[in-house]
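Below is one structure; the comments refer to it alone.
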Amino acid sequence: MALARINLSVKQYFNFMCRTDFERRIFHDTYKEFQKRSKIYSLDQHLHTFSQMQQASEKASALNQKLQYSVMNSIASLEHKMPVLSDLEDHPILFDWAELHIYASDLLNKAAHVVSITYTSPQLILHEIIGDLLILSYDGKAHETLVIRITESLMINYEQHESLVYS
């Protein structure tokens, strides 16, 4: 019996201390795109940080989506496997969507560039919670369970549905 239907989300941060090829690609591609796309928000080069651009114009938040377009192929290369979340048997958890967010960036300092990608799983069935372990399965595959350890970086999205109760 299922306790709930949930989605799992986890963030991966990208900064100048990249360790993998994927991380380097995301970092460099998003910074290059930030340099290109932010010019219209920099007010003739008077503003050079993302936060300054956002304060000057709410439309600067659109840079999040514009930068995401620049890394869609890199994200697609993951084949819907989260690079930062695996079950206890080291199988990557699948994701349905990934969303890029700019934390900070500076046209004058590449080292100040920090972005994140939030990966969100498809709907999962929560079967049991044992200590800090979640026993889950993908919707429609209840016989194939996976065990995930709860960590600080893991976010559990639960949506409660109203149901009619008979007595």
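Residue names in the structure tokens use chain letters A, B, ... in the order shown, residue numbers from 1 in each chain, and ligand numbers from 1 in the order shown.
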
Within 12 Å of region 42-48 of chain A: each region 110-148 of chain A residue with its shortest pair, only C-alpha atoms, as a Markdown table:
```
| residue | atom | partner | partner_atom | distance |
| --- | --- | --- | --- | --- |
| A:Lys110 | CA | A:His48 | CA | 11.2 |
| A:Ala112 | CA | A:His48 | CA | 11.2 |
| A:His113 | CA | A:His48 | CA | 11.6 |
```

Suppose we keep all heavy atoms; can you now write the selection as a compact mmCIF listing (two decimals), in the first residue's frame?
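See again.txt below for the written result:
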```
# COMPACT_ATOMS: atom_id res chain seq x y z
N LYS A 110 34.38 36.39 -13.80
CA LYS A 110 33.80 35.08 -14.10
C LYS A 110 33.73 34.19 -12.85
O LYS A 110 32.83 33.37 -12.70
CB LYS A 110 34.62 34.38 -15.19
CG LYS A 110 34.01 33.10 -15.69
CD LYS A 110 34.79 32.55 -16.87
CE LYS A 110 34.10 31.33 -17.46
NZ LYS A 110 34.77 30.86 -18.68
N ALA A 112 32.75 34.93 -10.04
CA ALA A 112 31.56 35.25 -9.25
C ALA A 112 30.30 34.60 -9.82
O ALA A 112 29.22 34.74 -9.26
CB ALA A 112 31.37 36.76 -9.17
N HIS A 113 30.43 33.90 -10.92
CA HIS A 113 29.29 33.27 -11.60
C HIS A 113 28.89 31.99 -10.86
O HIS A 113 29.71 31.08 -10.70
CB HIS A 113 29.66 32.97 -13.05
CG HIS A 113 28.55 32.41 -13.87
ND1 HIS A 113 27.44 33.16 -14.23
CD2 HIS A 113 28.39 31.19 -14.42
CE1 HIS A 113 26.65 32.41 -14.98
NE2 HIS A 113 27.19 31.20 -15.10
```

Review point. What residues in region 91-123 of chain A get the DSSP label strand (DSSP E)? Please answer as a ChimeraX atom specification.
Key: /A:92-94,97-104,114-120

Same residues, C-alpha atoms, output as a PDB file, in the first residue's frame:
```pdb
ATOM      1  CA  PRO A  92      20.731   7.379 -10.628  1.00  0.00           C
ATOM      2  CA  ILE A  93      17.218   8.656  -9.944  1.00  0.00           C
ATOM      3  CA  LEU A  94      15.349   9.812 -13.027  1.00  0.00           C
ATOM      4  CA  TRP A  97      12.421  18.331 -15.679  1.00  0.00           C
ATOM      5  CA  ALA A  98      15.381  20.492 -14.797  1.00  0.00           C
ATOM      6  CA  GLU A  99      15.277  24.196 -14.033  1.00  0.00           C
ATOM      7  CA  LEU A 100      18.273  26.533 -14.119  1.00  0.00           C
ATOM      8  CA  HIS A 101      18.580  29.431 -11.680  1.00  0.00           C
ATOM      9  CA  ILE A 102      21.202  32.190 -11.549  1.00  0.00           C
ATOM     10  CA  TYR A 103      22.417  32.900  -8.011  1.00  0.00           C
ATOM     11  CA  ALA A 104      25.052  35.434  -8.928  1.00  0.00           C
ATOM     12  CA  VAL A 114      27.107  30.745  -9.719  1.00  0.00           C
ATOM     13  CA  VAL A 115      24.112  28.897 -11.148  1.00  0.00           C
ATOM     14  CA  SER A 116      22.119  25.874 -10.044  1.00  0.00           C
ATOM     15  CA  ILE A 117      19.985  23.265 -11.723  1.00  0.00           C
ATOM     16  CA  THR A 118      17.052  21.815  -9.788  1.00  0.00           C
ATOM     17  CA  TYR A 119      16.168  18.324 -10.975  1.00  0.00           C
ATOM     18  CA  THR A 120      12.664  17.051 -10.205  1.00  0.00           C
TER      19      THR A 120
END
```

Practice item. Give me the residues within 9 Å of region 7-18 of chain A as a PyMOL selection string, counting only C-alpha atoms and dropping any in the same chain fewer than 3 places off. Key: chain A and resi 21-24+26-28+82-85+95+110-125+153-159

Taking N, CA, C and O atoms for each residue, export the selection above as a tab-separated table (two decimals), in the first residue's frame.
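Listing of again_25.tsv after writing:
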```
chain	number	residue	atom	x	y	z
A	21	ASP	N	33.34	17.20	-16.40
A	21	ASP	CA	33.15	17.85	-17.71
A	21	ASP	C	31.76	18.48	-17.80
A	21	ASP	O	31.60	19.57	-18.34
A	22	PHE	N	30.76	17.77	-17.30
A	22	PHE	CA	29.39	18.30	-17.33
A	22	PHE	C	29.32	19.61	-16.56
A	22	PHE	O	28.76	20.59	-17.05
A	23	GLU	N	29.87	19.65	-15.36
A	23	GLU	CA	29.85	20.87	-14.55
A	23	GLU	C	30.58	22.02	-15.26
A	23	GLU	O	30.10	23.15	-15.27
A	24	ARG	N	31.73	21.73	-15.85
A	24	ARG	CA	32.49	22.77	-16.57
A	24	ARG	C	31.68	23.30	-17.75
A	24	ARG	O	31.65	24.50	-18.01
A	26	ILE	N	28.39	23.36	-18.14
A	26	ILE	CA	27.29	24.19	-17.65
A	26	ILE	C	27.82	25.55	-17.20
A	26	ILE	O	27.27	26.60	-17.55
A	27	PHE	N	28.89	25.55	-16.43
A	27	PHE	CA	29.46	26.80	-15.91
A	27	PHE	C	29.89	27.73	-17.06
A	27	PHE	O	29.48	28.89	-17.11
A	28	HIS	N	30.69	27.21	-17.98
A	28	HIS	CA	31.21	28.06	-19.06
A	28	HIS	C	30.12	28.48	-20.04
A	28	HIS	O	30.09	29.65	-20.45
A	82	MET	N	19.53	11.96	-12.84
A	82	MET	CA	20.08	13.00	-11.97
A	82	MET	C	21.55	12.69	-11.66
A	82	MET	O	21.85	11.59	-11.18
A	83	PRO	N	22.44	13.64	-11.91
A	83	PRO	CA	23.85	13.37	-11.61
A	83	PRO	C	24.18	13.48	-10.12
A	83	PRO	O	25.28	13.09	-9.71
A	84	VAL	N	23.25	13.97	-9.32
A	84	VAL	CA	23.54	14.21	-7.90
A	84	VAL	C	22.64	13.42	-6.95
A	84	VAL	O	22.66	13.67	-5.75
A	85	LEU	N	21.86	12.49	-7.47
A	85	LEU	CA	21.00	11.68	-6.59
A	85	LEU	C	20.90	10.26	-7.12
A	85	LEU	O	20.50	10.04	-8.27
A	95	PHE	N	14.84	12.10	-13.67
A	95	PHE	CA	14.16	13.38	-13.52
A	95	PHE	C	13.29	13.64	-14.74
A	95	PHE	O	13.58	13.20	-15.84
A	110	LYS	N	34.38	36.39	-13.80
A	110	LYS	CA	33.80	35.08	-14.10
A	110	LYS	C	33.73	34.19	-12.85
A	110	LYS	O	32.83	33.37	-12.70
A	111	ALA	N	34.66	34.38	-11.92
A	111	ALA	CA	34.68	33.57	-10.69
A	111	ALA	C	33.46	33.83	-9.82
A	111	ALA	O	33.14	33.03	-8.95
A	112	ALA	N	32.75	34.93	-10.04
A	112	ALA	CA	31.56	35.25	-9.25
A	112	ALA	C	30.30	34.60	-9.82
A	112	ALA	O	29.22	34.74	-9.26
A	113	HIS	N	30.43	33.90	-10.92
A	113	HIS	CA	29.29	33.27	-11.60
A	113	HIS	C	28.89	31.99	-10.86
A	113	HIS	O	29.71	31.08	-10.70
A	114	VAL	N	27.64	31.93	-10.40
A	114	VAL	CA	27.11	30.75	-9.72
A	114	VAL	C	25.69	30.50	-10.22
A	114	VAL	O	24.84	31.39	-10.17
A	115	VAL	N	25.45	29.30	-10.72
A	115	VAL	CA	24.11	28.90	-11.15
A	115	VAL	C	23.79	27.54	-10.52
A	115	VAL	O	24.69	26.85	-10.03
A	116	SER	N	22.52	27.20	-10.53
A	116	SER	CA	22.12	25.87	-10.04
A	116	SER	C	21.12	25.29	-11.03
A	116	SER	O	20.46	26.00	-11.77
A	117	ILE	N	21.04	23.97	-10.99
A	117	ILE	CA	19.98	23.27	-11.72
A	117	ILE	C	19.23	22.45	-10.69
A	117	ILE	O	19.84	21.69	-9.92
A	118	THR	N	17.90	22.62	-10.66
A	118	THR	CA	17.05	21.81	-9.79
A	118	THR	C	16.43	20.72	-10.64
A	118	THR	O	15.73	21.01	-11.61
A	119	TYR	N	16.72	19.49	-10.28
A	119	TYR	CA	16.17	18.32	-10.98
A	119	TYR	C	14.96	17.85	-10.18
A	119	TYR	O	15.03	17.72	-8.97
A	120	THR	N	13.87	17.55	-10.87
A	120	THR	CA	12.66	17.05	-10.21
A	120	THR	C	12.26	15.72	-10.84
A	120	THR	O	12.15	15.61	-12.06
A	121	SER	N	12.05	14.74	-9.98
A	121	SER	CA	11.71	13.39	-10.43
A	121	SER	C	10.29	13.33	-10.97
A	121	SER	O	9.47	14.19	-10.67
A	122	PRO	N	9.99	12.26	-11.72
A	122	PRO	CA	8.59	12.01	-12.04
A	122	PRO	C	7.88	11.60	-10.75
A	122	PRO	O	8.52	11.42	-9.70
A	123	GLN	N	6.59	11.42	-10.82
A	123	GLN	CA	5.85	11.02	-9.63
A	123	GLN	C	6.34	9.65	-9.16
A	123	GLN	O	6.49	8.72	-9.94
A	124	LEU	N	6.60	9.57	-7.87
A	124	LEU	CA	7.06	8.33	-7.24
A	124	LEU	C	6.04	7.89	-6.21
A	124	LEU	O	5.32	8.72	-5.64
A	125	ILE	N	6.00	6.62	-5.96
A	125	ILE	CA	5.13	6.08	-4.92
A	125	ILE	C	5.98	5.84	-3.69
A	125	ILE	O	6.99	5.13	-3.75
A	153	SER	N	19.97	18.09	1.25
A	153	SER	CA	19.76	18.67	-0.08
A	153	SER	C	18.54	18.12	-0.80
A	153	SER	O	18.13	18.64	-1.83
A	154	LEU	N	17.92	17.10	-0.25
A	154	LEU	CA	16.77	16.47	-0.88
A	154	LEU	C	15.49	17.16	-0.47
A	154	LEU	O	15.23	17.37	0.72
A	155	MET	N	14.69	17.53	-1.45
A	155	MET	CA	13.40	18.15	-1.15
A	155	MET	C	12.30	17.18	-1.61
A	155	MET	O	12.34	16.67	-2.73
A	156	ILE	N	11.34	16.93	-0.73
A	156	ILE	CA	10.24	16.02	-1.03
A	156	ILE	C	8.99	16.86	-1.27
A	156	ILE	O	8.59	17.64	-0.42
A	157	ASN	N	8.42	16.72	-2.45
A	157	ASN	CA	7.22	17.46	-2.83
A	157	ASN	C	6.04	16.51	-2.72
A	157	ASN	O	5.98	15.51	-3.42
A	158	TYR	N	5.12	16.85	-1.85
A	158	TYR	CA	3.96	16.00	-1.60
A	158	TYR	C	2.71	16.79	-1.91
A	158	TYR	O	2.54	17.91	-1.45
A	159	GLU	N	1.86	16.21	-2.71
A	159	GLU	CA	0.60	16.86	-3.01
A	159	GLU	C	-0.53	15.97	-2.52
A	159	GLU	O	-0.68	14.84	-2.95
```

Review point. Excluding same-chain residues fewer than 6 positions from Glu128 (chain A), what lies within 8 Å of it counting only C-alpha atoms, as a PyMOL selection string?
Key: chain A and resi 2-3+134-136

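When only C-alpha atoms are used to compute distances to Glu89 (chain A), the closest of the residues A:Ser70, A:Thr145, A:Asn64, A:Thr151 turns out to be A:Thr145.
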
Review point. Could you pull the residues within 8 Å of Leu67 (chain A), counting only C-alpha atoms, minus those fewer than 2 positions along the same chain, as a PyMOL selection string?
Key: chain A and resi 30+33-34+63-65+69-71+100

Check your understanding: Running DSSP on the backbone, which parts of chain A land in alpha helix (DSSP H), as a VMD selection string?
Key -> chain A and resid 21 to 37 50 to 56 63 to 70 72 to 76

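Relative to CA of Arg149 (chain A), CA of Asp87 (chain A) is found at 7.3 Å.
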
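Nearest to Asp96 (chain A) of all the residues A:Leu108, A:Ile150, A:Ala76, A:Ala60 is A:Ala76, based on only C-alpha atoms.
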